[in-house]
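Asks: Input file: structure-v2.txt. Contents: compact mmCIF, C-alpha atoms and all ligand atoms.
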```txt
# COMPACT_ATOMS: atom_id res chain seq x y z
CA MET A 742 23.45 26.94 0.03
CA GLU A 743 24.55 25.07 3.15
CA PHE A 744 21.97 23.37 5.35
CA LYS A 745 22.72 22.00 8.81
CA PRO A 746 21.62 18.36 9.26
CA PHE A 747 18.91 17.63 11.85
CA GLU A 748 20.27 16.26 15.09
CA GLU A 749 17.57 13.62 15.20
CA LYS A 750 16.62 11.86 12.01
CA ILE A 751 13.31 12.78 10.38
CA TRP A 752 11.69 9.59 9.17
CA LEU A 753 9.52 8.91 6.18
CA SER A 754 6.82 7.62 8.52
CA SER A 755 7.56 6.20 11.96
CA PRO A 756 5.30 4.94 14.78
CA THR A 757 3.62 7.67 16.86
CA MET A 758 2.60 6.44 20.32
CA HIS A 759 0.23 8.12 22.76
CA GLY A 760 0.31 6.22 26.07
CA GLU A 761 -2.89 4.18 25.95
CA GLU A 762 -1.09 1.51 23.94
CA ILE A 763 1.09 0.47 26.88
CA GLU A 764 -1.93 0.30 29.19
CA TYR A 765 -3.64 -2.25 26.97
CA VAL A 766 -0.38 -4.17 26.62
CA ASN A 767 -0.08 -4.13 30.41
CA GLU A 768 -3.64 -5.34 30.75
CA ALA A 769 -2.80 -8.31 28.51
CA TYR A 770 0.23 -8.98 30.69
CA THR A 771 -1.37 -8.66 34.12
CA THR A 772 -4.40 -10.75 33.13
CA ASN A 773 -2.04 -13.25 31.45
CA TRP A 774 -3.77 -13.13 28.06
CA MET A 775 -0.34 -13.28 26.43
CA SER A 776 -1.54 -15.31 23.50
CA THR A 777 -3.57 -15.08 20.30
CA VAL A 778 -6.86 -14.79 22.20
CA GLY A 779 -8.08 -12.00 24.47
CA LYS A 780 -9.99 -8.81 24.95
CA ASN A 781 -7.65 -6.61 22.90
CA ILE A 782 -8.13 -8.78 19.80
CA ASN A 783 -11.93 -8.81 20.18
CA ASN A 784 -12.01 -5.07 20.68
CA VAL A 785 -9.74 -4.29 17.77
CA GLU A 786 -11.77 -6.49 15.40
CA ALA A 787 -15.00 -4.76 16.42
CA MET A 788 -13.52 -1.24 16.25
CA ILE A 789 -11.92 -1.71 12.83
CA ALA A 790 -15.05 -3.30 11.33
CA GLU A 791 -17.09 -0.39 12.65
CA LYS A 792 -14.66 2.20 11.31
CA VAL A 793 -14.54 0.67 7.82
CA GLY A 794 -18.26 -0.06 7.91
CA CYS A 795 -17.88 -3.70 6.96
CA LYS A 796 -19.56 -6.57 8.73
CA HIS A 797 -16.66 -8.87 9.58
CA SER A 798 -12.99 -8.60 10.39
CA VAL A 799 -10.27 -11.03 11.44
CA ALA A 800 -7.13 -9.77 13.19
CA LEU A 801 -3.99 -11.33 11.72
CA ALA A 802 -0.23 -11.26 12.18
CA SER A 803 0.40 -8.93 9.22
CA GLY A 804 -1.15 -7.24 6.23
CA THR A 805 0.66 -9.77 4.07
CA ALA A 806 -1.01 -12.65 5.94
CA ALA A 807 -4.37 -10.91 5.41
CA LEU A 808 -3.68 -10.58 1.68
CA HIS A 809 -2.59 -14.20 1.50
CA LEU A 810 -5.87 -15.41 2.97
CA CYS A 811 -7.84 -13.01 0.70
CA VAL A 812 -6.15 -14.59 -2.30
CA LYS A 813 -6.58 -18.15 -1.04
CA LEU A 814 -10.26 -17.56 -0.38
CA ALA A 815 -10.76 -16.06 -3.84
CA GLY A 816 -8.85 -18.95 -5.42
CA GLU A 817 -11.04 -21.56 -3.71
CA LYS A 818 -14.20 -19.68 -4.70
CA LEU A 819 -13.10 -19.56 -8.33
CA TYR A 820 -11.29 -22.82 -8.88
CA GLY A 821 -12.37 -25.15 -6.06
CA ILE A 822 -10.47 -26.57 -3.11
CA PRO A 823 -6.91 -27.60 -4.03
CA LYS A 824 -5.21 -30.84 -3.04
CA ALA A 825 -2.67 -30.55 -0.21
CA GLY A 826 0.45 -28.92 -1.62
CA GLU A 827 -1.40 -27.34 -4.53
CA GLY A 828 -2.08 -23.59 -4.64
CA ALA A 829 -5.64 -22.32 -4.70
CA LEU A 830 -4.80 -20.39 -7.91
CA ARG A 831 -2.90 -23.28 -9.62
CA GLY A 832 -1.39 -21.46 -12.59
CA HIS A 833 -4.30 -19.09 -13.16
CA LYS A 834 -3.52 -15.51 -14.13
CA VAL A 835 -4.46 -12.68 -11.75
CA PHE A 836 -4.55 -8.98 -12.65
CA CYS A 837 -2.62 -6.86 -10.16
CA SER A 838 -1.51 -3.25 -9.59
CA ASP A 839 1.96 -2.65 -11.03
CA VAL A 840 3.30 0.24 -8.96
CA THR A 841 3.12 -1.10 -5.42
CA PHE A 842 4.97 -2.84 -2.60
CA SER A 843 5.81 -6.48 -3.36
CA ALA A 844 3.50 -7.64 -0.54
CA THR A 845 0.54 -6.87 -2.84
CA VAL A 846 1.79 -9.40 -5.36
CA ASN A 847 3.60 -12.14 -3.44
CA PRO A 848 0.45 -13.76 -2.00
CA ILE A 849 -0.77 -14.45 -5.57
CA CYS A 850 2.42 -16.48 -6.02
CA TYR A 851 2.08 -18.23 -2.63
CA GLU A 852 -1.12 -19.74 -4.08
CA GLY A 853 0.48 -20.70 -7.39
CA GLY A 854 -1.10 -17.85 -9.37
CA GLU A 855 0.56 -15.88 -12.14
CA PRO A 856 0.41 -12.10 -11.65
CA VAL A 857 -0.22 -10.02 -14.77
CA PHE A 858 0.61 -6.40 -14.03
CA ILE A 859 -1.75 -3.60 -14.99
CA ASP A 860 -0.35 -0.16 -15.79
CA THR A 861 -0.96 2.93 -13.68
CA GLU A 862 -2.91 6.15 -14.38
CA TYR A 863 -1.70 9.69 -13.66
CA ASP A 864 -4.80 10.88 -11.76
CA THR A 865 -4.29 8.81 -8.59
CA TRP A 866 -1.14 6.72 -9.34
CA ASN A 867 -3.26 3.57 -9.11
CA MET A 868 -4.49 0.86 -11.49
CA ASP A 869 -5.57 2.28 -14.86
CA PRO A 870 -9.13 1.14 -15.69
CA ALA A 871 -8.36 1.43 -19.43
CA ALA A 872 -5.38 -0.92 -19.02
CA LEU A 873 -7.53 -3.31 -16.95
CA GLU A 874 -10.18 -3.36 -19.67
CA LYS A 875 -7.44 -4.07 -22.21
CA ALA A 876 -6.14 -6.91 -20.02
CA PHE A 877 -9.58 -8.56 -20.02
CA GLU A 878 -9.59 -8.30 -23.83
CA ILE A 879 -6.27 -10.13 -23.95
CA TYR A 880 -7.02 -12.61 -21.14
CA PRO A 881 -10.83 -12.98 -20.98
CA ASP A 882 -10.65 -15.97 -18.60
CA VAL A 883 -9.10 -14.07 -15.71
CA ARG A 884 -11.44 -13.85 -12.71
CA LEU A 885 -9.44 -12.08 -10.01
CA VAL A 886 -8.13 -8.50 -9.64
CA VAL A 887 -5.90 -7.20 -6.84
CA LEU A 888 -6.07 -3.41 -6.44
CA VAL A 889 -3.89 -1.25 -4.19
CA HIS A 890 -4.61 2.29 -2.97
CA LEU A 891 -1.11 3.72 -3.15
CA TYR A 892 0.22 6.01 -0.44
CA GLY A 893 -3.29 6.32 1.06
CA VAL A 894 -4.94 7.64 -2.12
CA PRO A 895 -8.06 5.74 -3.27
CA GLY A 896 -7.89 4.41 -6.83
CA LYS A 897 -10.61 4.68 -9.50
CA ILE A 898 -12.88 2.37 -7.58
CA ASP A 899 -16.16 2.82 -9.48
CA GLU A 900 -14.52 2.16 -12.84
CA ILE A 901 -12.53 -0.82 -11.56
CA LYS A 902 -15.57 -2.35 -9.82
CA ALA A 903 -17.68 -1.95 -12.96
CA ILE A 904 -15.03 -3.69 -15.06
CA CYS A 905 -14.77 -6.53 -12.50
CA ALA A 906 -18.56 -6.94 -12.50
CA LYS A 907 -18.70 -6.95 -16.32
CA HIS A 908 -16.10 -9.72 -16.47
CA ASN A 909 -17.45 -11.63 -13.49
CA ALA A 910 -14.19 -11.19 -11.57
CA LEU A 911 -13.61 -10.96 -7.82
CA LEU A 912 -11.86 -7.90 -6.41
CA ILE A 913 -9.29 -7.91 -3.61
CA GLU A 914 -8.52 -4.52 -2.12
CA ASP A 915 -5.04 -3.96 -0.69
CA ALA A 916 -5.90 -1.11 1.67
CA ALA A 917 -2.69 -1.64 3.69
CA GLU A 918 -1.59 1.98 3.15
CA SER A 919 -5.03 3.58 2.99
CA PHE A 920 -6.79 2.79 6.27
CA GLY A 921 -9.04 5.79 7.04
CA ALA A 922 -9.16 7.01 3.42
CA SER A 923 -12.56 7.18 1.76
CA TYR A 924 -14.07 7.31 -1.72
CA LYS A 925 -17.50 8.90 -2.18
CA GLY A 926 -17.90 8.78 1.59
CA VAL A 927 -17.16 5.05 1.88
CA GLN A 928 -13.99 3.77 3.55
CA THR A 929 -11.37 1.90 1.52
CA GLY A 930 -11.39 -1.72 2.66
CA LYS A 931 -15.13 -1.92 2.06
CA PHE A 932 -15.05 -2.13 -1.75
CA GLY A 933 -13.32 -5.47 -2.28
CA ASP A 934 -14.93 -8.88 -2.03
CA TYR A 935 -12.05 -9.33 0.41
CA SER A 936 -9.82 -6.58 1.74
CA ALA A 937 -6.66 -6.22 3.81
CA ILE A 938 -5.22 -3.47 5.96
CA SER A 939 -1.86 -3.33 7.74
CA PHE A 940 -0.62 -2.21 11.15
CA ASN A 941 3.06 -2.37 10.21
CA GLY A 942 5.29 0.10 12.05
CA ASN A 943 5.24 2.73 9.30
CA LYS A 944 1.51 2.73 8.52
CA ILE A 945 -1.04 5.41 9.53
CA ILE A 946 -1.69 3.56 12.81
CA THR A 947 0.40 0.65 14.00
CA GLY A 948 0.58 -2.34 16.32
CA SER A 949 4.35 -2.58 15.56
CA SER A 950 3.05 -5.28 13.22
CA GLY A 951 -0.31 -6.83 12.44
CA GLY A 952 -3.03 -6.80 9.82
CA MET A 953 -6.75 -7.23 9.33
CA PHE A 954 -8.89 -9.24 6.94
CA LEU A 955 -12.21 -7.58 6.04
CA THR A 956 -15.32 -8.96 4.38
CA GLU A 957 -19.12 -8.75 4.35
CA SER A 958 -19.46 -12.54 4.54
CA LEU A 959 -19.64 -14.27 7.92
CA ALA A 960 -18.80 -17.65 6.40
CA ASP A 961 -15.65 -16.24 4.75
CA ALA A 962 -14.56 -14.51 7.95
CA GLU A 963 -15.01 -17.78 9.87
CA LYS A 964 -12.99 -19.64 7.27
CA VAL A 965 -10.13 -17.14 7.52
CA ARG A 966 -10.24 -17.29 11.32
CA LYS A 967 -9.97 -21.07 11.17
CA TRP A 968 -7.16 -21.08 8.59
CA SER A 969 -5.24 -18.51 10.63
CA THR A 970 -5.26 -20.75 13.71
CA GLN A 971 -3.93 -23.95 12.08
CA SER A 972 -7.27 -25.12 10.66
CA ARG A 973 -8.33 -27.15 13.66
CA GLU A 974 -11.61 -29.04 13.32
CA ALA A 975 -14.06 -29.58 16.17
CA ALA A 976 -12.66 -32.79 17.69
CA SER A 977 -11.06 -33.73 20.98
CA TRP A 978 -7.67 -34.19 19.26
CA TYR A 979 -6.06 -32.03 16.61
CA GLN A 980 -8.09 -32.94 13.55
CA HIS A 981 -7.42 -31.33 10.16
CA GLU A 982 -9.42 -31.24 6.97
CA GLU A 983 -7.54 -28.26 5.51
CA ILE A 984 -4.04 -26.78 5.44
CA GLY A 985 -3.56 -24.32 8.28
CA TYR A 986 -1.45 -21.26 9.10
CA ASN A 987 -0.17 -19.58 12.23
CA TYR A 988 -1.40 -16.15 11.17
CA ARG A 989 -3.42 -14.90 14.13
CA MET A 990 -2.67 -11.54 15.75
CA SER A 991 -1.19 -11.63 19.26
CA ASN A 992 -3.27 -10.10 22.06
CA VAL A 993 -0.18 -8.02 22.99
CA ILE A 994 0.06 -6.52 19.50
CA ALA A 995 -3.71 -6.01 19.54
CA GLY A 996 -3.21 -3.93 22.69
CA VAL A 997 -1.00 -1.52 20.76
CA VAL A 998 -3.48 -1.31 17.88
CA ARG A 999 -6.35 -0.79 20.35
CA GLY A 1000 -4.53 2.15 21.88
CA GLN A 1001 -3.85 3.65 18.44
CA ILE A 1002 -7.33 3.45 16.90
CA PRO A 1003 -8.67 6.55 18.71
CA TYR A 1004 -5.79 8.53 17.15
CA LEU A 1005 -6.46 7.59 13.53
CA GLU A 1006 -8.21 10.87 12.73
CA GLU A 1007 -5.52 12.89 14.47
CA HIS A 1008 -2.80 11.12 12.49
CA ILE A 1009 -4.68 11.77 9.26
CA SER A 1010 -5.06 15.47 9.99
CA GLN A 1011 -1.36 15.75 10.85
CA LYS A 1012 -0.46 13.99 7.59
CA LYS A 1013 -2.85 16.24 5.70
CA ALA A 1014 -1.23 19.33 7.20
CA ILE A 1015 2.17 18.00 6.10
CA PHE A 1016 0.85 17.44 2.56
CA GLU A 1017 -0.65 20.95 2.41
CA ARG A 1018 2.54 22.52 3.72
CA TYR A 1019 4.61 20.82 1.03
CA LYS A 1020 2.07 21.82 -1.61
CA GLU A 1021 2.23 25.46 -0.53
CA GLY A 1022 6.04 25.39 -0.28
CA PHE A 1023 6.37 24.02 -3.83
CA LYS A 1024 3.68 26.07 -5.55
CA ASP A 1025 6.15 27.94 -7.78
CA LEU A 1026 8.32 24.86 -8.47
CA PRO A 1027 7.92 22.62 -11.54
CA VAL A 1028 6.58 19.76 -9.38
CA LYS A 1029 3.17 18.35 -8.41
CA MET A 1030 2.09 16.55 -5.25
CA ASN A 1031 0.85 12.95 -5.61
CA PRO A 1032 -2.62 13.54 -7.04
CA PHE A 1033 -6.07 12.38 -5.97
CA ASP A 1034 -9.67 12.76 -7.12
CA VAL A 1035 -10.49 15.97 -5.27
CA GLU A 1036 -14.22 15.60 -5.84
CA ASN A 1037 -14.69 12.00 -4.71
CA SER A 1038 -11.74 11.02 -2.55
CA GLU A 1039 -10.50 11.85 0.90
CA PRO A 1040 -7.03 10.29 1.17
CA ASN A 1041 -5.39 9.49 4.52
CA TYR A 1042 -2.30 11.39 3.25
CA TRP A 1043 -0.05 8.59 4.53
CA LEU A 1044 2.92 9.69 2.43
CA SER A 1045 3.49 13.01 0.69
CA CYS A 1046 5.13 12.52 -2.71
CA ILE A 1047 6.10 14.78 -5.58
CA ILE A 1048 6.50 14.26 -9.29
CA ILE A 1049 8.80 16.56 -11.24
CA ASP A 1050 7.46 18.09 -14.46
CA LYS A 1051 9.00 16.46 -17.55
CA GLU A 1052 10.59 19.70 -18.74
CA ALA A 1053 12.21 20.25 -15.33
CA MET A 1054 13.96 16.88 -15.11
CA CYS A 1055 17.74 17.00 -15.24
CA ARG A 1056 19.38 13.88 -16.59
CA GLN A 1057 19.73 10.93 -14.18
CA VAL A 1058 20.73 7.30 -14.55
CA ARG A 1059 20.05 4.78 -11.83
CA SER A 1060 21.21 1.21 -11.32
CA ASP A 1061 20.53 -1.01 -8.29
CA SER A 1062 23.57 0.32 -6.47
CA GLU A 1063 24.46 3.65 -8.08
CA ALA A 1064 22.72 6.80 -9.19
CA LEU A 1065 24.15 9.66 -11.22
CA TYR A 1066 22.69 12.93 -12.38
CA ILE A 1067 23.84 16.01 -14.21
CA SER A 1068 22.93 19.13 -12.31
CA GLU A 1069 21.17 21.76 -14.40
CA ASP A 1070 19.95 25.25 -13.67
CA GLY A 1071 16.28 25.30 -12.67
CA LYS A 1072 16.02 21.52 -13.06
CA SER A 1073 16.36 18.58 -10.72
CA CYS A 1074 15.62 14.85 -10.43
CA PRO A 1075 14.65 12.36 -7.71
CA THR A 1076 18.29 11.32 -7.30
CA GLU A 1077 19.46 14.87 -6.54
CA ILE A 1078 16.55 15.56 -4.18
CA LEU A 1079 16.89 12.24 -2.33
CA GLU A 1080 20.61 12.92 -1.82
CA ALA A 1081 19.84 16.40 -0.50
CA ILE A 1082 17.18 15.05 1.89
CA SER A 1083 19.54 12.34 3.08
CA ALA A 1084 22.31 14.91 3.70
CA LEU A 1085 19.84 16.68 6.02
CA ASN A 1086 19.54 13.49 8.09
CA ALA A 1087 16.00 12.95 6.83
CA GLU A 1088 14.47 10.00 5.01
CA GLY A 1089 13.00 10.11 1.52
CA ARG A 1090 12.39 7.21 -0.82
CA PRO A 1091 11.95 6.50 -4.52
CA VAL A 1092 8.41 5.70 -5.62
CA TRP A 1093 7.74 1.92 -5.55
CA LYS A 1094 9.63 0.41 -8.46
CA PRO A 1095 7.04 -1.07 -10.86
CA MET A 1096 6.55 -4.80 -10.35
CA HIS A 1097 6.86 -5.48 -14.08
CA SER A 1098 10.47 -4.32 -13.94
CA GLN A 1099 11.39 -6.40 -10.88
CA PRO A 1100 13.78 -9.23 -11.84
CA ILE A 1101 11.61 -11.85 -10.11
CA PHE A 1102 8.66 -10.96 -12.34
CA ARG A 1103 10.57 -10.50 -15.61
CA ARG A 1104 8.58 -13.24 -17.33
CA ASN A 1105 5.15 -12.00 -16.22
CA ASP A 1106 3.02 -10.06 -18.65
CA PHE A 1107 2.40 -6.36 -18.22
CA ILE A 1108 -0.58 -4.60 -19.80
CA THR A 1109 -0.86 -0.90 -20.62
CA ALA A 1110 -3.89 0.87 -22.08
CA LEU A 1111 -2.39 0.15 -25.53
CA GLY A 1112 -1.88 -3.59 -24.99
CA SER A 1113 1.06 -5.67 -23.80
CA GLY A 1114 3.66 -3.27 -22.43
CA ARG A 1115 6.41 -5.89 -22.45
CA ALA A 1116 7.68 -5.20 -25.95
CA LYS A 1117 8.37 -1.55 -25.24
CA THR A 1118 8.99 -1.55 -21.52
CA ASN A 1119 11.51 0.99 -20.29
CA ALA A 1120 11.95 2.32 -23.80
CA TYR A 1121 11.98 6.04 -24.29
CA ILE A 1122 9.54 7.02 -27.04
CA ASP A 1123 9.78 10.68 -28.05
CA GLY A 1124 11.24 11.53 -24.67
CA ASN A 1125 8.47 9.71 -22.80
CA PHE A 1126 8.44 6.35 -21.11
CA SER A 1127 6.07 3.97 -22.80
CA ASP A 1128 4.28 3.09 -19.57
CA VAL A 1129 2.91 5.35 -16.87
CA GLY A 1130 4.36 3.39 -13.92
CA THR A 1131 7.93 3.73 -15.17
CA ASP A 1132 7.40 7.43 -15.85
CA ILE A 1133 6.15 8.03 -12.28
CA PHE A 1134 9.03 5.94 -10.94
CA GLU A 1135 11.55 8.03 -12.93
CA ARG A 1136 10.14 11.43 -11.97
CA GLY A 1137 8.58 10.82 -8.54
CA LEU A 1138 9.74 10.45 -4.95
CA CYS A 1139 8.33 10.11 -1.42
CA LEU A 1140 9.12 12.88 1.05
CA PRO A 1141 9.64 12.76 4.81
CA SER A 1142 6.03 12.49 6.09
CA ASP A 1143 6.42 11.70 9.76
CA ASN A 1144 3.67 13.19 11.90
CA LYS A 1145 6.17 14.14 14.59
CA MET A 1146 8.03 16.42 12.18
CA THR A 1147 7.59 20.07 13.24
CA PRO A 1148 6.56 22.81 10.76
CA GLU A 1149 10.01 24.38 11.27
CA GLN A 1150 11.74 21.13 10.35
CA GLN A 1151 9.49 20.73 7.34
CA ASP A 1152 10.34 24.27 6.25
CA VAL A 1153 14.02 23.27 6.14
CA ILE A 1154 13.18 20.23 4.00
CA ILE A 1155 11.14 22.46 1.69
CA ALA A 1156 14.03 24.94 1.46
CA VAL A 1157 16.46 22.15 0.58
CA ILE A 1158 14.18 20.90 -2.20
CA ARG A 1159 13.66 24.45 -3.51
CA ASN A 1160 17.40 24.81 -3.52
CA CYS A 1161 17.70 21.77 -5.83
CA PHE A 1162 15.72 23.80 -8.38
CA GLY A 1163 17.87 26.87 -7.77
CA LYS A 1164 15.16 28.68 -5.80
C1 LIG B 1 2.68 -2.48 4.16
C2 LIG B 1 2.03 -3.02 2.95
C3 LIG B 1 1.60 -4.35 2.86
C4 LIG B 1 1.95 -5.41 3.85
O1 LIG B 1 1.59 -5.21 5.14
P1 LIG B 1 2.48 -5.88 6.32
O2 LIG B 1 1.63 -5.64 7.50
O3 LIG B 1 3.77 -5.16 6.35
O4 LIG B 1 2.62 -7.32 6.00
C5 LIG B 1 0.91 -4.75 1.73
N1 LIG B 1 0.66 -3.90 0.73
C6 LIG B 1 1.07 -2.62 0.76
C7 LIG B 1 0.75 -1.73 -0.39
C8 LIG B 1 1.80 -2.14 1.86
O5 LIG B 1 2.24 -0.89 1.86
```
Since I need it in another form, could you write the structure as structure tokens?
Replies:
Amino acid sequence: MEFKPFEEKIWLSSPTMHGEEIEYVNEAYTTNWMSTVGKNINNVEAMIAEKVGCKHSVALASGTAALHLCVKLAGEKLYGIPKAGEGALRGHKVFCSDVTFSATVNPICYEGGEPVFIDTEYDTWNMDPAALEKAFEIYPDVRLVVLVHLYGVPGKIDEIKAICAKHNALLIEDAAESFGASYKGVQTGKFGDYSAISFNGNKIITGSSGGMFLTESLADAEKVRKWSTQSREAASWYQHEEIGYNYRMSNVIAGVVRGQIPYLEEHISQKKAIFERYKEGFKDLPVKMNPFDVENSEPNYWLSCIIIDKEAMCRQVRSDSEALYISEDGKSCPTEILEAISALNAEGRPVWKPMHSQPIFRRNDFITALGSGRAKTNAYIDGNFSDVGTDIFERGLCLPSDNKMTPEQQDVIIAVIRNCFGK
């Protein structure tokens, strides 16, 4: 079947503006608060804290900056204040989600920590509590866990929190992709000792960039605020007792975020409609949507993804620069579907490549529910991958999920994907 490409590209997830954003940006301009202080920042901090239901928030330059200060804070709590030039984690191991964006992991390394990756479960595509428990058996001294809620779907929070409590470990929540999602009626970003959200251009709401640090502790919020503005002490000159960062959010960026916040729920319902439409369109195909805990979770549906049933996978091989597949009747693979989506002038994406198979982390340990996954990583055992993350990476992909995509455009994308399976 021939499909005509869209004239304008359909993105995976692009910024959706509404008009108020530019008014708050203008206000910053006309009042000359063109800096890292001002009304927009104060407002955004208060509005986000209220939405998440946590006591304190600090607006920062990015989600990555927020995660960095989460990790630094946790490191100082656990291991004391480092000397200048020393990381707060100083060689200590940290348990971390395996299938995620590298920004979840990198901050552990900024502070000299050693990430140990924890395998994924099939129910929510997040950290597997059984693998986490196994990791504590292998490394009982670890005291810090970094958990991501992938694609806006809350992970197994109760189980993970119980395991952290049992092993006296702190929990950092990377809620960068999941702002607005909730678990048992509580917003993600409220479960961690420290949490981070992101306002990057492709997230559920955006400031073009920006992030937020969240915590229940006033003292910790004040510490992060101080670190983020170069760690200045109260003195008439620039006095420093600690290493500082230039991590504060700009009042201009905060204007964009401020204008977006009232549209969070609208964006979520648009994303949910997109998810439901895909689900309906694929109901007779051998694929499943990215799953969530229907009883306890309300995702923000940031990205719609599919995973192809094992029996319906045609053969594919992928290297960093090339991908090949052998087309088969009634079967398909992420490579074939991504090529078909791209030919339509739309944007799809592979699922995040597991961190344990990233070259930079090749020497870091990786724990599955059965123990260290390193020995058998990427090996096919009886036609199955030996770890869940690699399996999801091999069979899954992210679909165009832009909230400006029309139902008619989405129908074409659905038809193209159906066509890959010969339907
Ligand atoms: C986007 C993202 C981040 C980083 O946020 P930035 O604002 O881009 O720095 C961190 N973790 C995850 C899972 C993300 O998707």
Asks: Can you tell me which residues come within 9 Å of ligand LIG 1 (chain B) when counting all atoms listed in the file, ideally as a ChimeraX atom specification?
Replies: /A:802-808,841-846,889-892,915-919,937-944,950-953
Asks: With stretch 960-984 of chain A as the partner and 8 Å as the cut-off, tabulate the residues of stretch 789-891 of chain A that qualify, each row holding the nearest pair of atoms and their distance in Å to one decimal, using all atoms listed in the file, sorted by chain and rising number, as a tab-separated table.
Replies:
```
residue	atom	partner	partner_atom	distance
A:His797	CA	A:Ala962	CA	6.2
A:Ser798	CA	A:Ala962	CA	6.6
A:Val799	CA	A:Arg966	CA	6.3
A:Leu801	CA	A:Ser969	CA	7.4
A:Leu810	CA	A:Val965	CA	6.5
A:Leu814	CA	A:Asp961	CA	7.6
A:Ala825	CA	A:Ile984	CA	6.9
```
Asks: Go ahead and compute the interatomic distance for atom CA of A:Ala1156 and atom CA of A:Glu1135, in Å to one decimal.
Replies: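 Atom CA of A:Ala1156 sits 22.3 Å away from atom CA of A:Glu1135.
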Asks: Determine the nearest neighbour of A:Ile782 from the options A:Gln1001, A:Ser1045, A:Ser991, A:Ser1098, counting all atoms listed in the file.
Replies: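 Selected residue with least distance to A:Ile782: A:Ser991.
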Asks: Would you pick out the contacts of A:Val793 at 7 Å or less, using all atoms listed in the file, so that residues sharing its chain but fewer than 2 positions from it are not included, and give the list as a list in words?
Replies: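 That gives Ile789, Ala790, Glu791, Cys795, Gln928, Gly930 and Lys931 of chain A.
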Asks: Using Å and a single decimal, report how far atom CA of A:Ala995 sits from atom CA of A:Ala769.
Replies: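 It comes out at 9.3 Å.
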Asks: Using all atoms listed in the file, determine which residues lie at most 10 Å from stretch 1046-1056 of chain A, disregarding the query and same-chain residues fewer than 3 positions distant; provide the list as a ChimeraX atom specification.
Replies: /A:892,1016,1019-1020,1023,1026-1032,1042-1043,1065-1077,1089-1092,1124-1125,1132-1142,1162
Asks: Using all atoms listed in the file, which of A:Ala906, A:Cys850, A:Val1129, A:Leu1005 sits nearest A:Glu827?
Replies: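 For A:Glu827, the nearest of the candidates is A:Cys850.
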Asks: When distances are computed from all atoms listed in the file, which of A:Thr861, A:Ser1038, A:Ser936, A:Asn784 shows the smallest separation from A:Ser958?
Replies: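 Distance minimum relative to A:Ser958 lands on A:Ser936.
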